[in-house]
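Undergrad: Below is a structure I'd like to ask you about.
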Amino acid sequence: MAQILRFVGRWFGATSGSITVELALLLTVLPLLALGAYDFGRYGVEQTAMVSAARAGAQVAMLSGALADPAPIIAAVRRDAGDSTGRLNIAVRQFCQCPSAGEASCSLACTDSAYAPMYVEVSVSDSFDLLFHYPGLPQSLALGATSTLRIR
């Protein structure tokens, strides 16, 4: 019996090869974490580009003063986002809003007898395809941003 206990003690007390096992575990987990960080880093960069593009479109609308033709606004959004293929979904909306009453007609005077302030809203959306499939997440994530500026 003592001989069996001595053998079992040597077997479980042996540390040779444990560093190899630890290194093997680390080398399988570490690349997965690095790829996930890279993939979601790309998502963050693309989301920031959407915010910047929506802002650029709203600034062009503010400088032009009206939305008779949304083509320059859409062109500014595409130029800022680097969208040469036309993959972005862009929506431009003009609305007026009284401070106390919400959205109103642009010809309507608010309670302070001034015309309702006019705003432009530029929305940009796209989808982002992940490089890898992560459990619990869809393969394609939504990207989007909206920028609203007062133009009058």
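Scheme for the structure tokens: letters A, B, ... for chains in order shown; per-chain residue numbers from 1; ligand numbers from 1 in order shown.
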Tell me, as an mmCIF file with C-alpha atoms, in the first residue's frame, which residues lie within 12 Å of range 43-49 of chain A, counting only C-alpha atoms; anything in the same chain fewer than 3 positions away does not count.
TA:
data_model
loop_
_atom_site.group_PDB
_atom_site.id
_atom_site.type_symbol
_atom_site.label_atom_id
_atom_site.label_comp_id
_atom_site.auth_asym_id
_atom_site.auth_seq_id
_atom_site.Cartn_x
_atom_site.Cartn_y
_atom_site.Cartn_z
ATOM 1 C CA GLY A 36 -11.880 39.467 -31.482
ATOM 2 C CA ALA A 37 -10.206 42.723 -30.448
ATOM 3 C CA TYR A 38 -9.245 43.387 -34.073
ATOM 4 C CA ASP A 39 -12.759 42.667 -35.347
ATOM 5 C CA PHE A 40 -14.515 44.906 -32.821
ATOM 6 C CA SER A 52 -18.241 61.941 -39.019
ATOM 7 C CA ALA A 53 -20.057 61.491 -42.336
ATOM 8 C CA ALA A 54 -23.446 62.416 -40.823
ATOM 9 C CA ARG A 55 -21.882 65.505 -39.271
ATOM 10 C CA ALA A 56 -20.301 66.515 -42.582
ATOM 11 C CA VAL A 77 -21.691 62.313 -46.719
ATOM 12 C CA ARG A 78 -20.365 59.865 -49.322
ATOM 13 C CA ARG A 79 -17.142 61.857 -49.748
ATOM 14 C CA ASP A 80 -16.491 62.028 -45.996
ATOM 15 C CA ALA A 81 -17.194 58.309 -45.516
ATOM 16 C CA GLY A 82 -15.131 57.305 -48.561
ATOM 17 C CA ASP A 83 -18.181 55.620 -50.067
ATOM 18 C CA LEU A 88 -24.491 53.756 -47.518
ATOM 19 C CA VAL A 124 -26.443 57.460 -42.311
ATOM 20 C CA SER A 125 -26.664 53.690 -41.948
ATOM 21 C CA ASP A 126 -24.845 50.627 -43.200
ATOM 22 C CA SER A 127 -24.173 47.062 -42.162
ATOM 23 C CA PHE A 128 -20.844 45.762 -40.895
ATOM 24 C CA ASP A 129 -19.798 42.175 -41.549
ATOM 25 C CA LEU A 130 -17.670 40.560 -38.864
ATOM 26 C CA LEU A 131 -14.689 38.505 -39.988
ATOM 27 C CA SER A 140 -23.645 41.339 -39.613
ATOM 28 C CA LEU A 141 -23.990 44.302 -37.221
ATOM 29 C CA ALA A 142 -25.798 47.568 -37.891
ATOM 30 C CA LEU A 143 -23.905 50.833 -38.152
ATOM 31 C CA GLY A 144 -25.651 54.160 -38.025
ATOM 32 C CA ALA A 145 -25.467 57.778 -36.999
ATOM 33 C CA THR A 146 -27.722 60.806 -37.058
#
Undergrad: I need the residue nearest Ser147 in chain A from this list: A:Ala58, A:Leu26, A:Cys96, A:Ala76. Use only C-alpha atoms for the distance.
TA: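 Using only C-alpha atoms, Ser147 in chain A sits closest to A:Ala58.
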Undergrad: Could you write out, as a PyMOL selection string, all the residues of range 9-97 of chain A that DSSP marks as strand (DSSP E)?
TA: chain A and resi 89-97
Undergrad: Would you save the residues from that selection as a PDB file, in the first residue's frame, using N, CA and C atoms?
TA:
ATOM      1  N   ASN A  89     -26.774  53.979 -46.759  1.00  0.00           N
ATOM      2  CA  ASN A  89     -28.156  54.442 -46.810  1.00  0.00           C
ATOM      3  C   ASN A  89     -28.183  55.818 -46.146  1.00  0.00           C
ATOM      4  N   ILE A  90     -28.563  56.834 -46.919  1.00  0.00           N
ATOM      5  CA  ILE A  90     -28.528  58.203 -46.427  1.00  0.00           C
ATOM      6  C   ILE A  90     -29.928  58.806 -46.523  1.00  0.00           C
ATOM      7  N   ALA A  91     -30.369  59.408 -45.428  1.00  0.00           N
ATOM      8  CA  ALA A  91     -31.669  60.079 -45.404  1.00  0.00           C
ATOM      9  C   ALA A  91     -31.465  61.512 -44.920  1.00  0.00           C
ATOM     10  N   VAL A  92     -32.056  62.454 -45.641  1.00  0.00           N
ATOM     11  CA  VAL A  92     -31.969  63.867 -45.283  1.00  0.00           C
ATOM     12  C   VAL A  92     -33.394  64.352 -45.025  1.00  0.00           C
ATOM     13  N   ARG A  93     -33.578  64.985 -43.872  1.00  0.00           N
ATOM     14  CA  ARG A  93     -34.913  65.451 -43.503  1.00  0.00           C
ATOM     15  C   ARG A  93     -34.815  66.864 -42.970  1.00  0.00           C
ATOM     16  N   GLN A  94     -35.729  67.708 -43.424  1.00  0.00           N
ATOM     17  CA  GLN A  94     -35.810  69.082 -42.947  1.00  0.00           C
ATOM     18  C   GLN A  94     -37.097  69.203 -42.142  1.00  0.00           C
ATOM     19  N   PHE A  95     -37.008  69.859 -40.990  1.00  0.00           N
ATOM     20  CA  PHE A  95     -38.212  70.060 -40.182  1.00  0.00           C
ATOM     21  C   PHE A  95     -38.065  71.339 -39.370  1.00  0.00           C
ATOM     22  N   CYS A  96     -39.186  71.857 -38.934  1.00  0.00           N
ATOM     23  CA  CYS A  96     -39.207  73.034 -38.078  1.00  0.00           C
ATOM     24  C   CYS A  96     -39.786  72.633 -36.734  1.00  0.00           C
ATOM     25  N   GLN A  97     -39.352  73.326 -35.686  1.00  0.00           N
ATOM     26  CA  GLN A  97     -39.773  72.939 -34.351  1.00  0.00           C
ATOM     27  C   GLN A  97     -39.840  74.167 -33.460  1.00  0.00           C
TER      28      GLN A  97
END
Undergrad: Would you list, as an NGL selection string, the residues of range 35-144 of chain A that end up in alpha helix (DSSP H) under DSSP run on this structure's backbone?
TA: :A and (35-64 or 71-81)
Undergrad: Work out how far apart CA of Thr148 in chain A and CA of Pro70 in chain A are and give it in Å to one decimal.
TA: 14.6 Å
Undergrad: Counting only C-alpha atoms, what is within 6 Å of Met62 in chain A, bar same-chain residues fewer than 3 positions away, as a VMD selection string?
TA: chain A and resid 59 65 151
Undergrad: Could you jot down the CA of Ser64 in chain A to CA of Ala109 in chain A separation for me, Å, one decimal place?
TA: 22.8 Å
Undergrad: Find the distance between CA of Ala61 in chain A and CA of Val122 in chain A and write it in Å to one decimal.
TA: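 Separation of CA of Ala61 in chain A and CA of Val122 in chain A: 9.0 Å.
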Undergrad: Give me the residues near Tyr115 in chain A as an MDAnalysis selection string, where near means some atom within 12 Å (using only C-alpha atoms) and where sequence neighbours in that chain fewer than 6 positions away do not count.
TA: chainID A and resid 96:99 104:109 152
